[in-house]
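> This is the structure, below, for whatever I ask next.
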Amino acid sequence: MNNDEMNMEWSYWKAVVRYGHVGKKKEISVARYLVMPEHSTMIDLMNVINEMPGTKNRAVLSLRKVDVAEYLEGRRAEKENFFLQTLFGEKQAQ
C-alpha cells in the first residue's frame with residue numbers, strides 16, 4: 001500500500017441492487033454495502049454494481065451515502081443473506 005492509498009478518504013454507500021437468474025423473468029432485490037474513494041460519484045458506483053456477477057441490466061434501484069456504522073452493520077447482514085451466500089458460493093466453486 002502506498003502513501004496515497006493510506007491517506008485516502010473513503011465514502012460508504014448502500015445500494016439496493018436487482019439480481020436475476022432466480023427463475024424465468026424473476027428477480028430479487030438485495031441491499032449491498034460498498035466502500036469507495038471519497039471523490040467517487042453515483043455513476044462510478046453504478047458502473048461497479050453493473051459489473052457484479054448476477055446483476056440485471058439497470059441493476060440499481062436506489063443508492064445513498066451512509067455512515068461507517070451503517071456500512072459495517074450492512075456488511076454483517078450481507079454475510080447472513082442466503083441469496084448472496086448462494087451466489088458467492090457458486091462463483092467460488094467455478
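Residues in the C-alpha cells are named by chain (A, B, ... in the order shown) and by number from 1 within that chain; ligands are numbered from 1 in the order shown.
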Determine, using only C-alpha atoms, which residues of stretch 24-43 of chain A have any atom at most 12 Å from an atom of stretch 47-51 of chain A, and tabulate each with its shortest atom pair and distance in Å to one decimal place, rows ordered by chain and then rising number, as a tab-separated table.


residue	atom	partner	partner_atom	distance
A:Val30	CA	A:Ile49	CA	11.9
A:Ala31	CA	A:Ile49	CA	11.5
A:Arg32	CA	A:Ile49	CA	9.2
A:Tyr33	CA	A:Ile49	CA	10.5
A:Leu34	CA	A:Ile49	CA	9.3
A:Val35	CA	A:Val48	CA	10.9
A:Met36	CA	A:Val48	CA	9.9
A:Ser40	CA	A:Val48	CA	10.9
A:Thr41	CA	A:Asn47	CA	10.0
A:Met42	CA	A:Asn47	CA	8.6
A:Ile43	CA	A:Asn47	CA	6.2

> So how far away is atom CA of A:Arg64 from atom CA of A:Lys14, in Å?

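Distance reported for this atom pair: 5.5 Å.
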
> Give the answer as one residue: which of A:Val17, A:Asn81, A:Lys26, A:Trp10 has the shortest atom-to-atom distance to A:Val68, using only C-alpha atoms?

A:Trp10
